[in-house]
file structure.cif (mmCIF, N, CA and C atoms)
data_target
loop_
_atom_site.label_atom_id
_atom_site.label_comp_id
_atom_site.auth_asym_id
_atom_site.auth_seq_id
_atom_site.Cartn_x
_atom_site.Cartn_y
_atom_site.Cartn_z
N SER A 18 -39.68 23.99 36.49
CA SER A 18 -41.11 23.75 36.38
C SER A 18 -41.50 22.55 37.25
N ALA A 19 -42.76 22.48 37.57
CA ALA A 19 -43.27 21.40 38.42
C ALA A 19 -43.14 20.04 37.74
N VAL A 20 -43.32 20.00 36.43
CA VAL A 20 -43.23 18.73 35.71
C VAL A 20 -41.79 18.20 35.75
N LEU A 21 -40.82 19.07 35.49
CA LEU A 21 -39.42 18.67 35.54
C LEU A 21 -39.04 18.20 36.94
N ARG A 22 -39.49 18.92 37.95
CA ARG A 22 -39.22 18.55 39.34
C ARG A 22 -39.81 17.17 39.63
N TYR A 23 -41.03 16.91 39.15
CA TYR A 23 -41.68 15.62 39.36
C TYR A 23 -40.82 14.49 38.80
N PHE A 24 -40.38 14.63 37.56
CA PHE A 24 -39.59 13.56 36.93
C PHE A 24 -38.19 13.45 37.55
N ASN A 25 -37.59 14.57 37.93
CA ASN A 25 -36.29 14.51 38.60
C ASN A 25 -36.39 13.77 39.94
N ASN A 26 -37.50 13.93 40.63
CA ASN A 26 -37.70 13.24 41.90
C ASN A 26 -37.80 11.72 41.74
N LEU A 27 -38.16 11.27 40.55
CA LEU A 27 -38.29 9.83 40.29
C LEU A 27 -36.94 9.16 40.04
N VAL A 28 -35.91 9.94 39.72
CA VAL A 28 -34.60 9.38 39.38
C VAL A 28 -33.97 8.78 40.64
N ASN A 29 -33.61 7.48 40.54
CA ASN A 29 -32.99 6.85 41.70
C ASN A 29 -31.49 7.11 41.71
N LEU A 30 -30.84 6.66 42.76
CA LEU A 30 -29.44 6.97 42.99
C LEU A 30 -28.52 6.49 41.86
N GLU A 31 -28.78 5.28 41.36
CA GLU A 31 -27.92 4.72 40.30
C GLU A 31 -28.04 5.48 38.99
N GLU A 32 -29.18 6.13 38.77
CA GLU A 32 -29.42 6.84 37.51
C GLU A 32 -29.13 8.34 37.58
N MET A 33 -28.72 8.83 38.75
CA MET A 33 -28.47 10.27 38.90
C MET A 33 -27.34 10.73 37.99
N THR A 34 -27.53 11.91 37.42
CA THR A 34 -26.51 12.54 36.58
C THR A 34 -26.20 13.92 37.16
N LYS A 35 -25.13 14.51 36.67
CA LYS A 35 -24.77 15.87 37.12
C LYS A 35 -25.91 16.85 36.80
N GLU A 36 -26.54 16.69 35.64
CA GLU A 36 -27.61 17.60 35.23
C GLU A 36 -28.81 17.51 36.18
N VAL A 37 -29.22 16.29 36.53
CA VAL A 37 -30.33 16.12 37.45
C VAL A 37 -29.92 16.62 38.84
N GLY A 38 -28.66 16.36 39.21
CA GLY A 38 -28.14 16.84 40.49
C GLY A 38 -28.16 18.36 40.57
N GLU A 39 -27.80 19.03 39.47
CA GLU A 39 -27.83 20.50 39.44
C GLU A 39 -29.26 21.02 39.58
N ALA A 40 -30.21 20.39 38.90
CA ALA A 40 -31.61 20.81 39.00
C ALA A 40 -32.13 20.60 40.41
N LEU A 41 -31.77 19.48 41.02
CA LEU A 41 -32.18 19.19 42.39
C LEU A 41 -31.56 20.22 43.35
N GLY A 42 -30.29 20.53 43.13
CA GLY A 42 -29.61 21.52 43.96
C GLY A 42 -30.25 22.89 43.83
N ALA A 43 -30.63 23.26 42.61
CA ALA A 43 -31.29 24.55 42.40
C ALA A 43 -32.61 24.60 43.16
N ASP A 44 -33.36 23.50 43.14
CA ASP A 44 -34.62 23.46 43.88
C ASP A 44 -34.39 23.55 45.38
N LEU A 45 -33.32 22.92 45.86
CA LEU A 45 -33.02 22.97 47.29
C LEU A 45 -32.69 24.39 47.73
N VAL A 46 -32.01 25.13 46.88
CA VAL A 46 -31.59 26.49 47.22
C VAL A 46 -32.68 27.51 46.95
N TRP A 47 -33.28 27.42 45.80
CA TRP A 47 -34.22 28.45 45.37
C TRP A 47 -35.65 28.18 45.82
N ASP A 48 -35.98 26.96 46.14
CA ASP A 48 -37.32 26.53 46.57
C ASP A 48 -38.31 26.44 45.42
N GLY A 49 -37.92 26.80 44.23
CA GLY A 49 -38.86 26.74 43.12
C GLY A 49 -40.11 27.55 43.39
N GLY A 50 -39.98 28.58 44.24
CA GLY A 50 -41.13 29.40 44.57
C GLY A 50 -42.08 28.75 45.56
N GLN A 51 -41.70 27.58 46.07
CA GLN A 51 -42.61 26.81 46.92
C GLN A 51 -42.93 27.51 48.24
N LEU A 52 -42.05 28.31 48.76
CA LEU A 52 -42.31 28.96 50.04
C LEU A 52 -43.12 30.24 49.88
N GLU A 53 -43.26 30.72 48.66
CA GLU A 53 -44.06 31.89 48.37
C GLU A 53 -43.78 33.06 49.31
N GLY A 54 -42.51 33.36 49.48
CA GLY A 54 -42.12 34.50 50.29
C GLY A 54 -42.00 34.21 51.78
N GLN A 55 -42.41 33.06 52.20
CA GLN A 55 -42.32 32.70 53.62
C GLN A 55 -40.92 32.16 53.88
N GLU A 56 -40.05 32.97 54.40
CA GLU A 56 -38.68 32.56 54.61
C GLU A 56 -38.39 32.26 56.08
N ALA A 57 -39.39 31.82 56.81
CA ALA A 57 -39.18 31.48 58.20
C ALA A 57 -38.27 30.26 58.30
N ARG A 58 -37.51 30.21 59.35
CA ARG A 58 -36.57 29.11 59.57
C ARG A 58 -37.25 27.74 59.48
N LYS A 59 -38.38 27.61 60.16
CA LYS A 59 -39.07 26.31 60.17
C LYS A 59 -39.57 25.93 58.78
N ASP A 60 -39.94 26.92 57.95
CA ASP A 60 -40.37 26.64 56.58
C ASP A 60 -39.22 26.11 55.73
N ARG A 61 -38.05 26.70 55.90
CA ARG A 61 -36.88 26.25 55.14
C ARG A 61 -36.46 24.85 55.58
N GLU A 62 -36.52 24.60 56.89
CA GLU A 62 -36.17 23.27 57.40
C GLU A 62 -37.17 22.23 56.90
N LYS A 63 -38.44 22.58 56.92
CA LYS A 63 -39.49 21.66 56.46
C LYS A 63 -39.32 21.35 54.97
N LEU A 64 -38.95 22.36 54.19
CA LEU A 64 -38.73 22.15 52.76
C LEU A 64 -37.62 21.12 52.53
N MET A 65 -36.52 21.21 53.29
CA MET A 65 -35.42 20.25 53.14
C MET A 65 -35.90 18.83 53.46
N GLU A 66 -36.68 18.70 54.53
CA GLU A 66 -37.21 17.38 54.91
C GLU A 66 -38.11 16.83 53.81
N GLU A 67 -38.99 17.67 53.28
CA GLU A 67 -39.90 17.24 52.23
C GLU A 67 -39.15 16.83 50.96
N MET A 68 -38.16 17.62 50.58
CA MET A 68 -37.42 17.30 49.36
C MET A 68 -36.64 16.00 49.51
N CYS A 69 -36.13 15.74 50.71
CA CYS A 69 -35.40 14.49 50.95
C CYS A 69 -36.34 13.29 50.93
N LYS A 70 -37.62 13.51 51.20
CA LYS A 70 -38.60 12.43 51.14
C LYS A 70 -39.12 12.24 49.72
N GLU A 71 -39.25 13.34 48.97
CA GLU A 71 -39.82 13.27 47.63
C GLU A 71 -38.84 12.74 46.59
N SER A 72 -37.58 13.04 46.72
CA SER A 72 -36.57 12.62 45.75
C SER A 72 -36.12 11.19 46.05
N ALA A 73 -36.24 10.32 45.07
CA ALA A 73 -35.82 8.93 45.24
C ALA A 73 -34.33 8.85 45.57
N ALA A 74 -33.51 9.64 44.90
CA ALA A 74 -32.07 9.61 45.13
C ALA A 74 -31.73 10.11 46.54
N LEU A 75 -32.34 11.22 46.94
CA LEU A 75 -32.06 11.76 48.28
C LEU A 75 -32.55 10.82 49.37
N ARG A 76 -33.67 10.12 49.13
CA ARG A 76 -34.14 9.14 50.11
C ARG A 76 -33.08 8.06 50.34
N GLU A 77 -32.45 7.63 49.25
CA GLU A 77 -31.41 6.61 49.37
C GLU A 77 -30.18 7.14 50.10
N VAL A 78 -29.81 8.40 49.84
CA VAL A 78 -28.67 9.00 50.54
C VAL A 78 -28.98 9.09 52.03
N VAL A 79 -30.19 9.55 52.38
CA VAL A 79 -30.59 9.69 53.78
C VAL A 79 -30.66 8.33 54.47
N LYS A 80 -31.07 7.32 53.74
CA LYS A 80 -31.11 5.97 54.31
C LYS A 80 -29.71 5.51 54.72
N LYS A 81 -28.73 5.84 53.89
CA LYS A 81 -27.35 5.46 54.18
C LYS A 81 -26.72 6.40 55.22
N TYR A 82 -26.99 7.70 55.09
CA TYR A 82 -26.42 8.71 55.98
C TYR A 82 -27.55 9.53 56.60
N PRO A 83 -28.13 9.09 57.71
CA PRO A 83 -29.28 9.79 58.32
C PRO A 83 -29.01 11.25 58.67
N TRP A 84 -27.77 11.62 58.91
CA TRP A 84 -27.42 13.00 59.27
C TRP A 84 -27.47 13.95 58.07
N PHE A 85 -27.64 13.41 56.85
CA PHE A 85 -27.60 14.22 55.64
C PHE A 85 -28.66 15.32 55.65
N VAL A 86 -29.85 15.02 56.16
CA VAL A 86 -30.93 16.03 56.23
C VAL A 86 -30.49 17.19 57.11
N THR A 87 -29.87 16.88 58.24
CA THR A 87 -29.40 17.92 59.16
C THR A 87 -28.39 18.82 58.46
N MET A 88 -27.45 18.22 57.72
CA MET A 88 -26.45 19.02 57.02
C MET A 88 -27.11 19.94 55.99
N LEU A 89 -28.07 19.40 55.23
CA LEU A 89 -28.78 20.22 54.24
C LEU A 89 -29.54 21.36 54.91
N LYS A 90 -30.22 21.06 56.00
CA LYS A 90 -30.98 22.11 56.70
C LYS A 90 -30.07 23.23 57.14
N ARG A 91 -28.95 22.89 57.76
CA ARG A 91 -28.02 23.91 58.25
C ARG A 91 -27.44 24.72 57.09
N ALA A 92 -27.11 24.05 56.00
CA ALA A 92 -26.57 24.76 54.84
C ALA A 92 -27.65 25.68 54.24
N ARG A 93 -28.88 25.21 54.17
CA ARG A 93 -29.97 25.98 53.56
C ARG A 93 -30.42 27.16 54.41
N LEU A 94 -30.26 27.03 55.73
CA LEU A 94 -30.64 28.16 56.59
C LEU A 94 -29.83 29.40 56.26
N GLY A 95 -28.60 29.17 55.80
CA GLY A 95 -27.79 30.28 55.33
C GLY A 95 -27.36 31.26 56.39
N GLU A 96 -27.28 30.80 57.61
CA GLU A 96 -26.86 31.68 58.69
C GLU A 96 -25.34 31.79 58.71
N LEU A 97 -24.87 33.00 58.76
CA LEU A 97 -23.43 33.21 58.80
C LEU A 97 -22.90 32.81 60.16
N SER A 98 -21.91 31.95 60.17
CA SER A 98 -21.34 31.48 61.42
C SER A 98 -19.83 31.37 61.26
N ARG A 99 -19.17 31.10 62.36
CA ARG A 99 -17.72 30.91 62.30
C ARG A 99 -17.43 29.62 61.55
N ASN A 100 -16.44 29.69 60.70
CA ASN A 100 -16.06 28.55 59.89
C ASN A 100 -15.14 27.64 60.70
N LYS A 101 -15.54 26.38 60.90
CA LYS A 101 -14.74 25.42 61.66
C LYS A 101 -14.53 24.17 60.81
N ALA A 102 -13.29 23.89 60.47
CA ALA A 102 -12.98 22.71 59.66
C ALA A 102 -13.36 21.44 60.42
N VAL A 103 -13.92 20.48 59.69
CA VAL A 103 -14.27 19.18 60.26
C VAL A 103 -13.50 18.11 59.51
N LYS A 104 -12.62 17.42 60.22
CA LYS A 104 -11.75 16.43 59.59
C LYS A 104 -12.25 14.99 59.75
N VAL A 105 -13.47 14.81 60.24
CA VAL A 105 -14.03 13.48 60.47
C VAL A 105 -14.33 12.80 59.14
N LYS A 106 -14.03 11.49 59.08
CA LYS A 106 -14.33 10.70 57.88
C LYS A 106 -15.84 10.58 57.69
N LEU A 107 -16.25 10.40 56.46
CA LEU A 107 -17.66 10.27 56.12
C LEU A 107 -18.32 9.15 56.92
N GLU A 108 -17.66 8.03 57.01
CA GLU A 108 -18.24 6.87 57.70
C GLU A 108 -18.39 7.08 59.21
N CYS A 109 -17.69 8.05 59.77
CA CYS A 109 -17.74 8.32 61.22
C CYS A 109 -18.58 9.54 61.58
N LEU A 110 -19.12 10.21 60.58
CA LEU A 110 -19.85 11.47 60.80
C LEU A 110 -21.16 11.24 61.55
N GLU A 111 -21.46 12.16 62.46
CA GLU A 111 -22.71 12.13 63.22
C GLU A 111 -23.41 13.47 63.10
N GLU A 112 -24.59 13.57 63.70
CA GLU A 112 -25.40 14.79 63.64
C GLU A 112 -24.62 16.04 64.04
N LYS A 113 -23.86 15.95 65.10
CA LYS A 113 -23.11 17.12 65.61
C LYS A 113 -22.19 17.68 64.54
N GLU A 114 -21.39 16.80 63.92
CA GLU A 114 -20.47 17.25 62.87
C GLU A 114 -21.23 17.72 61.63
N ALA A 115 -22.37 17.05 61.32
CA ALA A 115 -23.18 17.44 60.16
C ALA A 115 -23.68 18.87 60.31
N ARG A 116 -24.06 19.26 61.53
CA ARG A 116 -24.50 20.64 61.79
C ARG A 116 -23.39 21.63 61.48
N VAL A 117 -22.18 21.32 61.96
CA VAL A 117 -21.04 22.22 61.76
C VAL A 117 -20.71 22.32 60.27
N ILE A 118 -20.70 21.18 59.58
CA ILE A 118 -20.39 21.17 58.14
C ILE A 118 -21.43 21.99 57.37
N GLY A 119 -22.71 21.81 57.70
CA GLY A 119 -23.75 22.60 57.05
C GLY A 119 -23.58 24.08 57.30
N ASN A 120 -23.23 24.43 58.53
CA ASN A 120 -22.99 25.83 58.88
C ASN A 120 -21.79 26.41 58.15
N ASN A 121 -20.84 25.57 57.77
CA ASN A 121 -19.62 26.03 57.11
C ASN A 121 -19.83 26.45 55.66
N LEU A 122 -20.92 26.04 55.03
CA LEU A 122 -21.10 26.33 53.61
C LEU A 122 -21.16 27.84 53.32
N ILE A 123 -21.97 28.58 54.05
CA ILE A 123 -22.15 30.01 53.77
C ILE A 123 -20.84 30.79 53.92
N PRO A 124 -20.08 30.59 55.02
CA PRO A 124 -18.80 31.31 55.10
C PRO A 124 -17.86 30.98 53.93
N CYS A 125 -17.88 29.73 53.48
CA CYS A 125 -17.03 29.36 52.33
C CYS A 125 -17.49 30.07 51.06
N LEU A 126 -18.80 30.13 50.84
CA LEU A 126 -19.33 30.80 49.65
C LEU A 126 -19.06 32.30 49.69
N LYS A 127 -19.20 32.90 50.86
CA LYS A 127 -19.00 34.34 50.99
C LYS A 127 -17.53 34.75 50.87
N SER A 128 -16.63 33.82 51.09
CA SER A 128 -15.21 34.14 51.03
C SER A 128 -14.64 34.05 49.61
N ARG A 129 -15.46 33.62 48.66
CA ARG A 129 -15.01 33.47 47.27
C ARG A 129 -15.92 34.25 46.33
N LYS A 130 -15.37 34.68 45.20
CA LYS A 130 -16.17 35.43 44.22
C LYS A 130 -17.01 34.50 43.35
N VAL A 131 -16.53 33.26 43.17
CA VAL A 131 -17.22 32.30 42.32
C VAL A 131 -17.78 31.18 43.20
N ILE A 132 -19.02 30.82 42.97
CA ILE A 132 -19.67 29.80 43.80
C ILE A 132 -18.89 28.49 43.78
N ALA A 133 -18.42 28.06 42.60
CA ALA A 133 -17.68 26.80 42.51
C ALA A 133 -16.43 26.83 43.40
N ALA A 134 -15.78 27.98 43.49
CA ALA A 134 -14.59 28.10 44.35
C ALA A 134 -14.98 27.97 45.82
N GLY A 135 -16.13 28.51 46.19
CA GLY A 135 -16.61 28.38 47.56
C GLY A 135 -16.95 26.94 47.91
N VAL A 136 -17.56 26.24 46.96
CA VAL A 136 -17.88 24.82 47.17
C VAL A 136 -16.60 24.01 47.28
N ASP A 137 -15.60 24.32 46.45
CA ASP A 137 -14.30 23.64 46.54
C ASP A 137 -13.66 23.85 47.91
N GLN A 138 -13.74 25.07 48.40
CA GLN A 138 -13.18 25.35 49.73
C GLN A 138 -13.92 24.55 50.79
N TRP A 139 -15.24 24.49 50.70
CA TRP A 139 -16.07 23.73 51.63
C TRP A 139 -15.67 22.25 51.61
N LYS A 140 -15.46 21.74 50.40
CA LYS A 140 -15.07 20.34 50.22
C LYS A 140 -13.70 20.07 50.82
N LEU A 141 -12.76 20.98 50.61
CA LEU A 141 -11.40 20.79 51.10
C LEU A 141 -11.30 20.90 52.62
N GLN A 142 -12.08 21.76 53.21
CA GLN A 142 -11.96 21.96 54.66
C GLN A 142 -12.79 20.95 55.46
N ASN A 143 -13.72 20.28 54.81
CA ASN A 143 -14.57 19.30 55.48
C ASN A 143 -14.41 17.95 54.78
N ARG A 144 -13.59 17.11 55.34
CA ARG A 144 -13.22 15.84 54.73
C ARG A 144 -14.43 15.03 54.25
N ALA A 145 -15.47 14.97 55.07
CA ALA A 145 -16.64 14.17 54.73
C ALA A 145 -17.34 14.68 53.47
N VAL A 146 -17.31 15.99 53.24
CA VAL A 146 -17.94 16.55 52.04
C VAL A 146 -17.19 16.06 50.80
N GLY A 147 -15.86 16.08 50.86
CA GLY A 147 -15.07 15.56 49.74
C GLY A 147 -15.37 14.09 49.48
N GLU A 148 -15.47 13.31 50.55
CA GLU A 148 -15.78 11.88 50.40
C GLU A 148 -17.21 11.68 49.88
N LEU A 149 -18.13 12.52 50.32
CA LEU A 149 -19.51 12.45 49.85
C LEU A 149 -19.56 12.76 48.35
N PHE A 150 -18.82 13.77 47.91
CA PHE A 150 -18.78 14.12 46.49
C PHE A 150 -18.11 13.03 45.67
N GLU A 151 -17.16 12.31 46.24
CA GLU A 151 -16.54 11.18 45.52
C GLU A 151 -17.54 10.05 45.37
N GLU A 152 -18.31 9.78 46.41
CA GLU A 152 -19.29 8.69 46.37
C GLU A 152 -20.47 9.03 45.48
N PHE A 153 -20.95 10.26 45.59
CA PHE A 153 -22.10 10.71 44.80
C PHE A 153 -21.65 11.90 43.95
N GLN A 154 -21.02 11.63 42.82
CA GLN A 154 -20.42 12.67 42.00
C GLN A 154 -21.43 13.69 41.50
N TRP A 155 -22.68 13.32 41.40
CA TRP A 155 -23.72 14.24 40.93
C TRP A 155 -23.99 15.36 41.93
N MET A 156 -23.56 15.21 43.17
CA MET A 156 -23.81 16.24 44.19
C MET A 156 -22.96 17.49 43.99
N GLU A 157 -21.77 17.30 43.49
CA GLU A 157 -20.85 18.42 43.37
C GLU A 157 -21.30 19.36 42.29
#
call {"tool": "encode", "arguments": {"input": "structure.cif", "output": "structure tokens"}}
result
Amino acid sequence: SAVLRYFNNLVNLEEMTKEVGEALGADLVWDGGQLEGQEARKDREKLMEEMCKESAALREVVKKYPWFVTMLKRARLGELSRNKAVKVKLECLEEKEARVIGNNLIPCLKSRKVIAAGVDQWKLQNRAVGELFEEFQWME
């Protein structure tokens, strides 16, 4: 609901919980109906940018890791691409690697029957994702 989304967006990084993280993740994936059937690439990219600006926690993540928006956009576009492992450390990650990591999510999800198993594969094959999940446990 819009009210729940409003209050979840107010939660800052230190107060984030797995439950709020799951709700935020659902909004990132499902759009909460915000696109109203408009599934154009630019609309999905714009939604990621808006959500990263509206959520206090995501704003803080983007402030620390500016490439985070790019990774989310690529993951949300959901385009099937070749899966390429990225072994770069979180602290060394740049836009180029963030694009590849974002592109890797869909192939990982499609290769597993359970979403959690696909996310685990994504985390294991992309070092920075594992480190990101360690730093921000609510993301996983």
call {"tool": "select_by_dssp", "arguments": {"input": "structure.cif", "residues": "chain A", "states": "helix (DSSP H, G or I)", "output": "PyMOL selection string"}}
result
chain A and resi 19-27+30-32+35-50+58-71+73-81+85-94+107-109+112-127+132-142+144-152+154-156
call {"tool": "residues_around", "arguments": {"input": "structure.cif", "residues": "range 137-152 of chain A", "least_positions_apart": "5", "cutoff": "7 Å", "atoms": "only N, CA and C atoms", "output": "PyMOL selection string"}}
result
chain A and resi 101-108+118+121-122+125-126+132+157
call {"tool": "resolve_selection", "arguments": {"input": "structure.cif", "expression": "the PyMOL selection byres ((chain A and resi 30-36) around 8)", "output": "list in words"}}
result
Leu27, Val28, Asn29, Val37, Gly38, Glu39, Ala40, Leu41, Gly42, Ser72, Ala73, Ala74, Leu75, Arg76, Glu77, Val78, Gln154, Trp155, Met156 and Glu157 of chain A
call {"tool": "write_last_selection", "arguments": {"input": "structure.cif", "atoms": "N, CA and C atoms", "output": "PDB file, in the coordinates of the input"}}
result
ATOM      1  N   LEU A  27     -38.160  11.270  40.550  1.00  0.00           N
ATOM      2  CA  LEU A  27     -38.290   9.830  40.290  1.00  0.00           C
ATOM      3  C   LEU A  27     -36.940   9.160  40.040  1.00  0.00           C
ATOM      4  N   VAL A  28     -35.910   9.940  39.720  1.00  0.00           N
ATOM      5  CA  VAL A  28     -34.600   9.380  39.380  1.00  0.00           C
ATOM      6  C   VAL A  28     -33.970   8.780  40.640  1.00  0.00           C
ATOM      7  N   ASN A  29     -33.610   7.480  40.540  1.00  0.00           N
ATOM      8  CA  ASN A  29     -32.990   6.850  41.700  1.00  0.00           C
ATOM      9  C   ASN A  29     -31.490   7.110  41.710  1.00  0.00           C
ATOM     10  N   VAL A  37     -29.220  16.290  36.530  1.00  0.00           N
ATOM     11  CA  VAL A  37     -30.330  16.120  37.450  1.00  0.00           C
ATOM     12  C   VAL A  37     -29.920  16.620  38.840  1.00  0.00           C
ATOM     13  N   GLY A  38     -28.660  16.360  39.210  1.00  0.00           N
ATOM     14  CA  GLY A  38     -28.140  16.840  40.490  1.00  0.00           C
ATOM     15  C   GLY A  38     -28.160  18.360  40.570  1.00  0.00           C
ATOM     16  N   GLU A  39     -27.800  19.030  39.470  1.00  0.00           N
ATOM     17  CA  GLU A  39     -27.830  20.500  39.440  1.00  0.00           C
ATOM     18  C   GLU A  39     -29.260  21.020  39.580  1.00  0.00           C
ATOM     19  N   ALA A  40     -30.210  20.390  38.900  1.00  0.00           N
ATOM     20  CA  ALA A  40     -31.610  20.810  39.000  1.00  0.00           C
ATOM     21  C   ALA A  40     -32.130  20.600  40.410  1.00  0.00           C
ATOM     22  N   LEU A  41     -31.770  19.480  41.020  1.00  0.00           N
ATOM     23  CA  LEU A  41     -32.180  19.190  42.390  1.00  0.00           C
ATOM     24  C   LEU A  41     -31.560  20.220  43.350  1.00  0.00           C
ATOM     25  N   GLY A  42     -30.290  20.530  43.130  1.00  0.00           N
ATOM     26  CA  GLY A  42     -29.610  21.520  43.960  1.00  0.00           C
ATOM     27  C   GLY A  42     -30.250  22.890  43.830  1.00  0.00           C
ATOM     28  N   SER A  72     -37.580  13.040  46.720  1.00  0.00           N
ATOM     29  CA  SER A  72     -36.570  12.620  45.750  1.00  0.00           C
ATOM     30  C   SER A  72     -36.120  11.190  46.050  1.00  0.00           C
ATOM     31  N   ALA A  73     -36.240  10.320  45.070  1.00  0.00           N
ATOM     32  CA  ALA A  73     -35.820   8.930  45.240  1.00  0.00           C
ATOM     33  C   ALA A  73     -34.330   8.850  45.570  1.00  0.00           C
ATOM     34  N   ALA A  74     -33.510   9.640  44.900  1.00  0.00           N
ATOM     35  CA  ALA A  74     -32.070   9.610  45.130  1.00  0.00           C
ATOM     36  C   ALA A  74     -31.730  10.110  46.540  1.00  0.00           C
ATOM     37  N   LEU A  75     -32.340  11.220  46.940  1.00  0.00           N
ATOM     38  CA  LEU A  75     -32.060  11.760  48.280  1.00  0.00           C
ATOM     39  C   LEU A  75     -32.550  10.820  49.370  1.00  0.00           C
ATOM     40  N   ARG A  76     -33.670  10.120  49.130  1.00  0.00           N
ATOM     41  CA  ARG A  76     -34.140   9.140  50.110  1.00  0.00           C
ATOM     42  C   ARG A  76     -33.080   8.060  50.340  1.00  0.00           C
ATOM     43  N   GLU A  77     -32.450   7.630  49.250  1.00  0.00           N
ATOM     44  CA  GLU A  77     -31.410   6.610  49.370  1.00  0.00           C
ATOM     45  C   GLU A  77     -30.180   7.140  50.100  1.00  0.00           C
ATOM     46  N   VAL A  78     -29.810   8.400  49.840  1.00  0.00           N
ATOM     47  CA  VAL A  78     -28.670   9.000  50.540  1.00  0.00           C
ATOM     48  C   VAL A  78     -28.980   9.090  52.030  1.00  0.00           C
ATOM     49  N   GLN A 154     -21.020  11.630  42.820  1.00  0.00           N
ATOM     50  CA  GLN A 154     -20.420  12.670  42.000  1.00  0.00           C
ATOM     51  C   GLN A 154     -21.430  13.690  41.500  1.00  0.00           C
ATOM     52  N   TRP A 155     -22.680  13.320  41.400  1.00  0.00           N
ATOM     53  CA  TRP A 155     -23.720  14.240  40.930  1.00  0.00           C
ATOM     54  C   TRP A 155     -23.990  15.360  41.930  1.00  0.00           C
ATOM     55  N   MET A 156     -23.560  15.210  43.170  1.00  0.00           N
ATOM     56  CA  MET A 156     -23.810  16.240  44.190  1.00  0.00           C
ATOM     57  C   MET A 156     -22.960  17.490  43.990  1.00  0.00           C
ATOM     58  N   GLU A 157     -21.770  17.300  43.490  1.00  0.00           N
ATOM     59  CA  GLU A 157     -20.850  18.420  43.370  1.00  0.00           C
ATOM     60  C   GLU A 157     -21.300  19.360  42.290  1.00  0.00           C
TER      61      GLU A 157
END
call {"tool": "atom_distance", "arguments": {"input": "structure.cif", "atom1": "atom C of Lys90 in chain A", "atom2": "CA of Phe24 in chain A"}}
result
24.3 Å
call {"tool": "atom_distance", "arguments": {"input": "structure.cif", "atom1": "CA of Ala19 in chain A", "atom2": "CA of Met68 in chain A"}}
result
13.1 Å
call {"tool": "residues_around", "arguments": {"input": "structure.cif", "residues": "range 62-66 of chain A", "least_positions_apart": "3", "cutoff": "8 Å", "atoms": "only C-alpha atoms", "output": "number ranges by chain"}}
result
A: 45, 48, 58-59, 69-70, 86, 89-90, 93-94
call {"tool": "atom_distance", "arguments": {"input": "structure.cif", "atom1": "CA of Asp60 in chain A", "atom2": "CA of Cys109 in chain A"}}
result
29.5 Å
call {"tool": "resolve_selection", "arguments": {"input": "structure.cif", "expression": "the PyMOL selection byres (((chain A and resi 99 and name CA) around 9) and name CA)", "output": "list in words"}}
result
Leu97, Ser98, Asn100, Lys101, Asn120, Asn121 and Pro124 of chain A
call {"tool": "decode", "arguments": {"input": "structure.cif", "residues": "range 75-89 of chain A", "atoms": "C-alpha atoms", "output": "PDB file, in the first residue's frame"}}
result
ATOM      1  CA  LEU A  75      18.796   3.686  -0.395  1.00  0.00           C
ATOM      2  CA  ARG A  76      19.908   7.332  -0.546  1.00  0.00           C
ATOM      3  CA  GLU A  77      22.581   6.506   2.020  1.00  0.00           C
ATOM      4  CA  VAL A  78      23.686   3.398   0.095  1.00  0.00           C
ATOM      5  CA  VAL A  79      23.907   5.418  -3.150  1.00  0.00           C
ATOM      6  CA  LYS A  80      25.868   8.138  -1.372  1.00  0.00           C
ATOM      7  CA  LYS A  81      28.455   5.544  -0.343  1.00  0.00           C
ATOM      8  CA  TYR A  82      28.299   3.494  -3.574  1.00  0.00           C
ATOM      9  CA  PRO A  83      27.217   5.728  -6.507  1.00  0.00           C
ATOM     10  CA  TRP A  84      27.201   2.740  -8.907  1.00  0.00           C
ATOM     11  CA  PHE A  85      24.402   1.083  -6.869  1.00  0.00           C
ATOM     12  CA  VAL A  86      21.657   2.726  -8.974  1.00  0.00           C
ATOM     13  CA  THR A  87      23.242   1.347 -12.151  1.00  0.00           C
ATOM     14  CA  MET A  88      23.329  -2.163 -10.682  1.00  0.00           C
ATOM     15  CA  LEU A  89      19.659  -1.929  -9.653  1.00  0.00           C
TER      16      LEU A  89
END
